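What follows is the content of final_26.txt (compact mmCIF, C-alpha atoms).
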```
# COMPACT_ATOMS: atom_id res chain seq x y z
CA MET X 1 9.36 -74.01 99.55
CA LYS X 2 10.55 -71.26 97.19
CA ILE X 3 8.38 -68.20 96.50
CA LEU X 4 8.95 -65.46 93.91
CA VAL X 5 7.48 -62.06 94.88
CA ILE X 6 6.90 -59.69 91.94
CA ASP X 7 6.08 -56.14 93.09
CA ASP X 8 7.51 -52.72 92.25
CA GLU X 9 6.97 -51.31 95.77
CA PRO X 10 10.07 -51.93 97.96
CA GLN X 11 8.09 -51.73 101.21
CA ILE X 12 5.62 -54.38 100.01
CA ARG X 13 8.45 -56.67 98.92
CA ARG X 14 10.15 -56.18 102.29
CA ALA X 15 6.96 -56.94 104.25
CA LEU X 16 6.26 -60.03 102.19
CA LYS X 17 9.82 -61.29 102.52
CA LEU X 18 9.85 -60.87 106.30
CA GLY X 19 6.38 -62.38 106.77
CA LEU X 20 6.84 -65.36 104.48
CA GLU X 21 10.37 -66.15 105.66
CA LYS X 22 9.05 -66.16 109.22
CA ASP X 23 6.74 -68.97 108.09
CA GLY X 24 9.69 -70.92 106.70
CA PHE X 25 9.49 -69.98 103.01
CA GLU X 26 12.50 -69.01 100.89
CA VAL X 27 11.67 -65.69 99.17
CA THR X 28 13.18 -64.19 96.00
CA GLN X 29 12.15 -60.69 94.87
CA ALA X 30 11.62 -59.04 91.48
CA ALA X 31 10.74 -55.37 90.94
CA SER X 32 9.39 -55.77 87.39
CA GLY X 33 7.82 -58.31 85.10
CA GLU X 34 10.89 -58.45 82.91
CA GLU X 35 13.13 -59.20 85.90
CA ALA X 36 10.69 -61.88 87.03
CA LEU X 37 10.65 -63.60 83.63
CA ASP X 38 14.46 -63.66 83.62
CA LEU X 39 14.44 -65.35 87.04
CA LEU X 40 11.76 -67.84 85.99
CA SER X 41 13.76 -68.81 82.92
CA THR X 42 16.63 -70.10 85.05
CA ARG X 43 15.12 -71.03 88.43
CA ALA X 44 12.18 -73.10 89.69
CA PHE X 45 9.70 -71.74 92.23
CA ASP X 46 6.83 -73.37 94.11
CA LEU X 47 4.59 -70.27 94.04
CA ILE X 48 4.51 -66.74 92.61
CA VAL X 49 3.04 -63.68 94.35
CA LEU X 50 2.23 -61.18 91.60
CA ASP X 51 1.22 -57.51 91.64
CA LEU X 52 -0.85 -56.29 88.67
CA ALA X 53 0.36 -52.67 88.43
CA LEU X 54 3.94 -53.21 87.31
CA PRO X 55 6.19 -50.97 85.19
CA GLY X 56 6.53 -52.26 81.64
CA LEU X 57 4.69 -55.56 81.32
CA ASP X 58 1.69 -55.52 83.67
CA GLY X 59 0.63 -58.41 85.88
CA PHE X 60 -2.02 -59.67 83.46
CA GLU X 61 0.52 -60.06 80.67
CA ILE X 62 3.07 -61.67 83.01
CA CYS X 63 0.44 -64.15 84.17
CA LYS X 64 -0.49 -65.04 80.59
CA GLN X 65 3.15 -65.49 79.59
CA ILE X 66 3.90 -67.73 82.55
CA ARG X 67 0.89 -69.90 81.75
CA THR X 68 2.20 -70.62 78.24
CA TRP X 69 4.92 -72.84 79.71
CA SER X 70 4.40 -73.26 83.47
CA GLN X 71 1.66 -74.29 85.91
CA THR X 72 3.42 -72.79 88.95
CA PRO X 73 0.65 -71.45 91.24
CA ILE X 74 0.12 -67.68 91.04
CA LEU X 75 -1.36 -65.56 93.85
CA VAL X 76 -2.29 -62.06 92.67
CA LEU X 77 -1.82 -59.32 95.25
CA SER X 78 -3.21 -56.01 94.00
CA VAL X 79 -4.73 -52.70 95.06
CA ARG X 80 -7.31 -53.19 92.29
CA ASP X 81 -10.53 -54.42 93.89
CA ARG X 82 -12.89 -54.30 90.91
CA GLU X 83 -14.69 -57.51 90.10
CA GLU X 84 -13.63 -57.17 86.46
CA ASP X 85 -9.95 -57.18 87.43
CA LYS X 86 -10.39 -60.28 89.59
CA ILE X 87 -12.15 -62.14 86.76
CA LYS X 88 -9.51 -61.05 84.23
CA ALA X 89 -6.66 -62.21 86.50
CA LEU X 90 -8.30 -65.59 87.09
CA ASP X 91 -8.97 -65.98 83.37
CA CYS X 92 -5.29 -65.22 82.71
CA GLY X 93 -4.38 -68.18 84.93
CA ALA X 94 -4.09 -66.83 88.48
CA ASP X 95 -4.99 -69.27 91.26
CA ASP X 96 -6.16 -66.72 93.83
CA TYR X 97 -6.53 -62.97 94.36
CA ILE X 98 -5.97 -60.76 97.43
CA THR X 99 -6.51 -56.99 97.50
CA LYS X 100 -4.22 -54.49 99.22
CA PRO X 101 -4.05 -53.58 102.05
CA PHE X 102 -3.71 -57.11 103.36
CA GLY X 103 -2.80 -58.97 106.53
CA ILE X 104 0.32 -61.11 106.40
CA GLY X 105 -1.54 -63.81 108.33
CA GLU X 106 -4.23 -64.08 105.63
CA LEU X 107 -1.63 -64.03 102.88
CA SER X 108 0.37 -66.84 104.50
CA ALA X 109 -2.82 -68.87 104.93
CA ARG X 110 -3.68 -68.39 101.25
CA VAL X 111 -0.15 -69.41 100.25
CA ARG X 112 -0.37 -72.59 102.33
CA ALA X 113 -3.80 -73.39 100.89
CA ILE X 114 -2.62 -72.94 97.29
CA LEU X 115 0.46 -75.11 97.85
CA ARG X 116 -1.66 -77.77 99.56
CA ARG X 117 -4.11 -77.71 96.66
CA ALA X 118 -1.27 -78.06 94.15
CA ARG X 119 -0.13 -81.22 95.96
CA GLN X 120 -3.69 -82.54 95.96
CA GLU X 121 -4.08 -81.90 92.24
CA GLU X 122 -0.82 -83.66 91.48
CA ALA X 123 -1.89 -86.69 93.53
CA ALA X 124 -5.44 -86.67 92.14
CA HIS X 125 -4.30 -86.79 88.52
CA GLY X 126 -2.62 -90.09 89.27
CA ALA X 127 -5.38 -91.47 91.48
CA ALA X 128 -8.16 -93.64 90.12
CA MET X 129 -10.47 -92.93 93.07
CA ILE X 130 -11.36 -89.47 94.41
CA GLU X 131 -13.27 -89.16 97.68
CA GLU X 132 -14.87 -86.10 99.25
CA GLY X 133 -17.15 -86.97 102.15
CA SER X 134 -19.98 -89.15 100.86
CA LEU X 135 -19.02 -88.34 97.24
CA LYS X 136 -16.75 -90.79 95.39
CA ILE X 137 -15.51 -90.71 91.81
CA ASP X 138 -13.92 -93.71 90.09
CA GLN X 139 -12.01 -92.03 87.26
CA ASP X 140 -11.09 -95.31 85.57
CA LYS X 141 -14.73 -96.41 85.27
CA ARG X 142 -16.25 -92.88 85.20
CA ILE X 143 -18.60 -93.88 88.02
CA VAL X 144 -19.87 -91.39 90.59
CA THR X 145 -21.49 -92.47 93.85
CA VAL X 146 -23.08 -90.59 96.74
CA LYS X 147 -23.52 -92.57 99.96
CA ASP X 148 -22.51 -95.66 97.93
CA GLN X 149 -25.41 -95.14 95.51
CA VAL X 150 -24.53 -94.72 91.83
CA VAL X 151 -25.37 -91.27 90.46
CA HIS X 152 -26.02 -91.09 86.71
CA LEU X 153 -24.33 -88.05 85.16
CA THR X 154 -24.26 -86.96 81.55
CA PRO X 155 -20.78 -86.86 79.97
CA LYS X 156 -20.63 -83.06 80.31
CA GLU X 157 -21.80 -83.18 83.93
CA TYR X 158 -19.13 -85.76 84.72
CA ASP X 159 -16.36 -83.78 83.00
CA LEU X 160 -17.47 -80.60 84.78
CA LEU X 161 -17.45 -82.32 88.18
CA VAL X 162 -14.01 -83.87 87.67
CA LEU X 163 -12.56 -80.54 86.49
CA MET X 164 -13.90 -78.78 89.57
CA ILE X 165 -12.89 -81.46 92.08
CA ASN X 166 -9.39 -81.58 90.62
CA ASN X 167 -9.21 -77.83 91.35
CA ARG X 168 -10.54 -78.06 94.91
CA ASN X 169 -11.04 -74.74 96.75
CA ARG X 170 -10.00 -72.77 93.67
CA VAL X 171 -12.35 -70.30 91.98
CA LEU X 172 -12.91 -71.25 88.35
CA THR X 173 -14.48 -68.50 86.26
CA HIS X 174 -17.47 -69.03 84.00
CA ARG X 175 -15.22 -68.65 80.96
CA GLN X 176 -12.64 -71.14 82.25
CA LEU X 177 -15.28 -73.80 82.90
CA LEU X 178 -17.09 -73.26 79.61
CA SER X 179 -13.90 -73.20 77.54
CA LYS X 180 -12.50 -76.34 79.18
CA ILE X 181 -15.68 -78.44 78.91
CA TRP X 182 -17.51 -77.08 75.86
CA GLY X 183 -14.74 -75.27 73.95
CA PRO X 184 -13.63 -71.64 73.54
CA GLU X 185 -16.58 -70.81 71.32
CA TYR X 186 -18.90 -71.38 74.32
CA GLY X 187 -16.97 -68.98 76.60
CA ASP X 188 -19.94 -66.63 77.08
CA ASP X 189 -22.74 -69.22 77.33
CA ASN X 190 -23.39 -68.78 81.06
CA HIS X 191 -26.92 -70.18 80.77
CA THR X 192 -25.62 -73.61 79.72
CA LEU X 193 -23.20 -73.60 82.65
CA ARG X 194 -25.90 -72.61 85.17
CA VAL X 195 -28.14 -75.44 83.98
CA HIS X 196 -25.37 -78.04 84.32
CA ILE X 197 -24.34 -76.73 87.75
CA ALA X 198 -27.96 -76.91 88.92
CA ASN X 199 -28.23 -80.48 87.62
CA LEU X 200 -24.98 -81.47 89.34
CA ARG X 201 -26.15 -80.03 92.65
CA THR X 202 -29.41 -81.95 92.38
CA LYS X 203 -27.50 -85.17 91.82
CA ILE X 204 -24.55 -84.93 94.24
CA GLU X 205 -25.55 -82.52 97.02
CA LEU X 206 -27.38 -83.83 100.06
CA ASP X 207 -29.41 -80.59 100.01
CA PRO X 208 -29.20 -78.83 96.61
CA THR X 209 -30.69 -75.64 98.09
CA ARG X 210 -27.77 -75.45 100.54
CA PRO X 211 -24.87 -76.88 98.52
CA GLU X 212 -21.95 -78.27 100.48
CA TYR X 213 -19.59 -78.88 97.57
CA ILE X 214 -20.28 -76.54 94.65
CA GLN X 215 -20.24 -72.95 95.89
CA THR X 216 -21.19 -69.93 93.77
CA GLU X 217 -18.76 -67.02 93.51
CA THR X 218 -21.22 -64.30 92.52
CA ARG X 219 -20.69 -63.01 88.98
CA VAL X 220 -17.28 -64.71 88.86
CA GLY X 221 -17.71 -68.49 88.71
CA TYR X 222 -17.80 -71.53 90.98
CA ARG X 223 -15.62 -73.23 93.58
CA PHE X 224 -15.60 -76.90 94.65
CA VAL X 225 -15.12 -76.79 98.42
CA SER X 226 -13.11 -79.53 100.11
CA ARG X 227 -14.24 -79.32 103.73
CA SER X 228 -11.24 -81.27 105.04
CA ASN X 229 -8.67 -78.93 103.45
CA LEU X 230 -9.88 -75.40 104.02
CA TYR X 231 -7.33 -72.88 105.20
```
Structure rendered as structure tokens:
Amino acid sequence: MKILVIDDEPQIRRALKLGLEKDGFEVTQAASGEEALDLLSTRAFDLIVLDLALPGLDGFEICKQIRTWSQTPILVLSVRDREEDKIKALDCGADDYITKPFGIGELSARVRAILRRARQEEAAHGAAMIEEGSLKIDQDKRIVTVKDQVVHLTPKEYDLLVLMINNRNRVLTHRQLLSKIWGPEYGDDNHTLRVHIANLRTKIELDPTRPEYIQTETRVGYRFVSRSNLY
């Protein structure tokens, strides 16, 4: 697996290279966004580790540019720990976010989880049937069952569930979910999203007050948890 590390701090790049190569990954380094874009224009990578505070083009802009033509997973690694920065990075297309200082063990686990999820998503898009525990979704027939009992979802509830389950274990922000399901003009309508999430939990969770599948990421968004594939 090939990983591109984009960070302007030589010691961080060195630590990441040593740690990830020890886990069997092939690591290429870039010290700026411009250098990274040049590399991405000629080479394919399985995952990108991206710092936000870069000289020239910052990490947010790099993330947005990459997402205009590539779905390569992006793991943001940044000293910025504000909630607003995390939300902005995820909205720009990042798949996960780790704050510095970090442990190489956690970073490697996150990398493995993201790559595993990417494989799952690729397989799920071609699969008619999705199964998670007692929850089953027949995408051809748009039928959802829990414990083999048909659950009646509205079209929006169904689309929301499929979007989340096809992004298992990934945080999707409020804006991402609203824009994908209702359209960009609904990007700030968090009330509508909360109502639909509550309805989904009532219909698919064994105990809606202690949800197993749809987890809340406070003030950020929601995550569909796949219990069999946690890192």
* To do: State, in Å with one decimal place, the distance from atom CA of X:Val151 to atom CA of X:Arg219.
  =>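 According to the coordinates, atom CA of X:Val151 and atom CA of X:Arg219 are separated by 28.7 Å.
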* Hey, can you check how far atom CA of X:Ala31 sits from atom CA of X:Gln11? ->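 We find that atom CA of X:Ala31 and atom CA of X:Gln11 lie 11.2 Å from each other.
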* Which residues come within 10 Å of X:Gln149, counting all atoms listed in the file, excluding same-chain residues fewer than 4 positions away, as a list in words? ->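 Returned residues: Ser134, Leu135, Lys136, Val144 and Thr145 of chain X.
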Each stretch 66-103 of chain X residue no farther than 8 Å from stretch 40-47 of chain X, nearest pair in Å, all atoms listed in the file, as a Markdown table:
```
| residue | atom | partner | partner_atom | distance |
| --- | --- | --- | --- | --- |
| X:Thr72 | CA | X:Leu47 | CA | 5.8 |
| X:Pro73 | CA | X:Leu47 | CA | 5.0 |
| X:Ile74 | CA | X:Leu47 | CA | 6.0 |
| X:Leu75 | CA | X:Leu47 | CA | 7.6 |
```
Let me see the file: selected residues, C-alpha atoms, as an mmCIF file, keeping the file's coordinate frame.
```cif
data_model
loop_
_atom_site.group_PDB
_atom_site.id
_atom_site.type_symbol
_atom_site.label_atom_id
_atom_site.label_comp_id
_atom_site.auth_asym_id
_atom_site.auth_seq_id
_atom_site.Cartn_x
_atom_site.Cartn_y
_atom_site.Cartn_z
ATOM 1 C CA THR X 72 3.420 -72.790 88.950
ATOM 2 C CA PRO X 73 0.650 -71.450 91.240
ATOM 3 C CA ILE X 74 0.120 -67.680 91.040
ATOM 4 C CA LEU X 75 -1.360 -65.560 93.850
#
```
* **Nearest candidate to X:Arg13 (options X:Thr99, X:Asn199, X:Asn167, X:Thr28; using only C-alpha atoms)** => X:Thr28
* In the coordinates of the file, take the point (12.8, -71.6, 99.6) and a cut-off of 9 Å; then, counting all atoms listed in the file, name each qualifying protein, DNA or RNA residue as number ranges by chain. => X: 1-3, 21, 24-28, 45-46
Considering all atoms listed in the file, return as a PDB file with C-alpha atoms, keeping the file's coordinate frame whatever protein or nucleic-acid residues lie within 10 Å of stretch 85-95 of chain X, sequence-local ones (same chain, fewer than 5 positions apart) excluded.
```pdb
ATOM      1  CA  ILE X  48       4.510 -66.740  92.610  1.00  0.00           C
ATOM      2  CA  VAL X  49       3.040 -63.680  94.350  1.00  0.00           C
ATOM      3  CA  LEU X  50       2.230 -61.180  91.600  1.00  0.00           C
ATOM      4  CA  LEU X  52      -0.850 -56.290  88.670  1.00  0.00           C
ATOM      5  CA  GLY X  59       0.630 -58.410  85.880  1.00  0.00           C
ATOM      6  CA  PHE X  60      -2.020 -59.670  83.460  1.00  0.00           C
ATOM      7  CA  GLU X  61       0.520 -60.060  80.670  1.00  0.00           C
ATOM      8  CA  ILE X  62       3.070 -61.670  83.010  1.00  0.00           C
ATOM      9  CA  CYS X  63       0.440 -64.150  84.170  1.00  0.00           C
ATOM     10  CA  LYS X  64      -0.490 -65.040  80.590  1.00  0.00           C
ATOM     11  CA  GLN X  65       3.150 -65.490  79.590  1.00  0.00           C
ATOM     12  CA  ILE X  66       3.900 -67.730  82.550  1.00  0.00           C
ATOM     13  CA  ARG X  67       0.890 -69.900  81.750  1.00  0.00           C
ATOM     14  CA  THR X  68       2.200 -70.620  78.240  1.00  0.00           C
ATOM     15  CA  GLN X  71       1.660 -74.290  85.910  1.00  0.00           C
ATOM     16  CA  THR X  72       3.420 -72.790  88.950  1.00  0.00           C
ATOM     17  CA  PRO X  73       0.650 -71.450  91.240  1.00  0.00           C
ATOM     18  CA  ILE X  74       0.120 -67.680  91.040  1.00  0.00           C
ATOM     19  CA  LEU X  75      -1.360 -65.560  93.850  1.00  0.00           C
ATOM     20  CA  VAL X  76      -2.290 -62.060  92.670  1.00  0.00           C
ATOM     21  CA  SER X  78      -3.210 -56.010  94.000  1.00  0.00           C
ATOM     22  CA  ARG X  80      -7.310 -53.190  92.290  1.00  0.00           C
ATOM     23  CA  ILE X 114      -2.620 -72.940  97.290  1.00  0.00           C
ATOM     24  CA  ALA X 118      -1.270 -78.060  94.150  1.00  0.00           C
ATOM     25  CA  ASN X 167      -9.210 -77.830  91.350  1.00  0.00           C
ATOM     26  CA  ASN X 169     -11.040 -74.740  96.750  1.00  0.00           C
ATOM     27  CA  ARG X 170     -10.000 -72.770  93.670  1.00  0.00           C
ATOM     28  CA  VAL X 171     -12.350 -70.300  91.980  1.00  0.00           C
ATOM     29  CA  LEU X 172     -12.910 -71.250  88.350  1.00  0.00           C
ATOM     30  CA  THR X 173     -14.480 -68.500  86.260  1.00  0.00           C
ATOM     31  CA  HIS X 174     -17.470 -69.030  84.000  1.00  0.00           C
ATOM     32  CA  ARG X 175     -15.220 -68.650  80.960  1.00  0.00           C
ATOM     33  CA  GLN X 176     -12.640 -71.140  82.250  1.00  0.00           C
ATOM     34  CA  ARG X 219     -20.690 -63.010  88.980  1.00  0.00           C
ATOM     35  CA  VAL X 220     -17.280 -64.710  88.860  1.00  0.00           C
ATOM     36  CA  GLY X 221     -17.710 -68.490  88.710  1.00  0.00           C
TER      37      GLY X 221
END
```
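Of the listed residues X:Ala128, X:Val150, X:Leu20, X:Leu161, the one whose atoms come nearest to X:Leu200 is X:Leu161, with distances taken using only C-alpha atoms.
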* To one decimal in Å, tell me the separation between atom CA of X:Glu132 and atom CA of X:Trp182. =>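 Those two atoms sit 25.2 Å apart.
Distances from X:Gly103, X:Lys180, X:Asp8, X:Leu39 to X:Gly56 were compared using all atoms listed in the file, and the smallest one belongs to X:Asp8.
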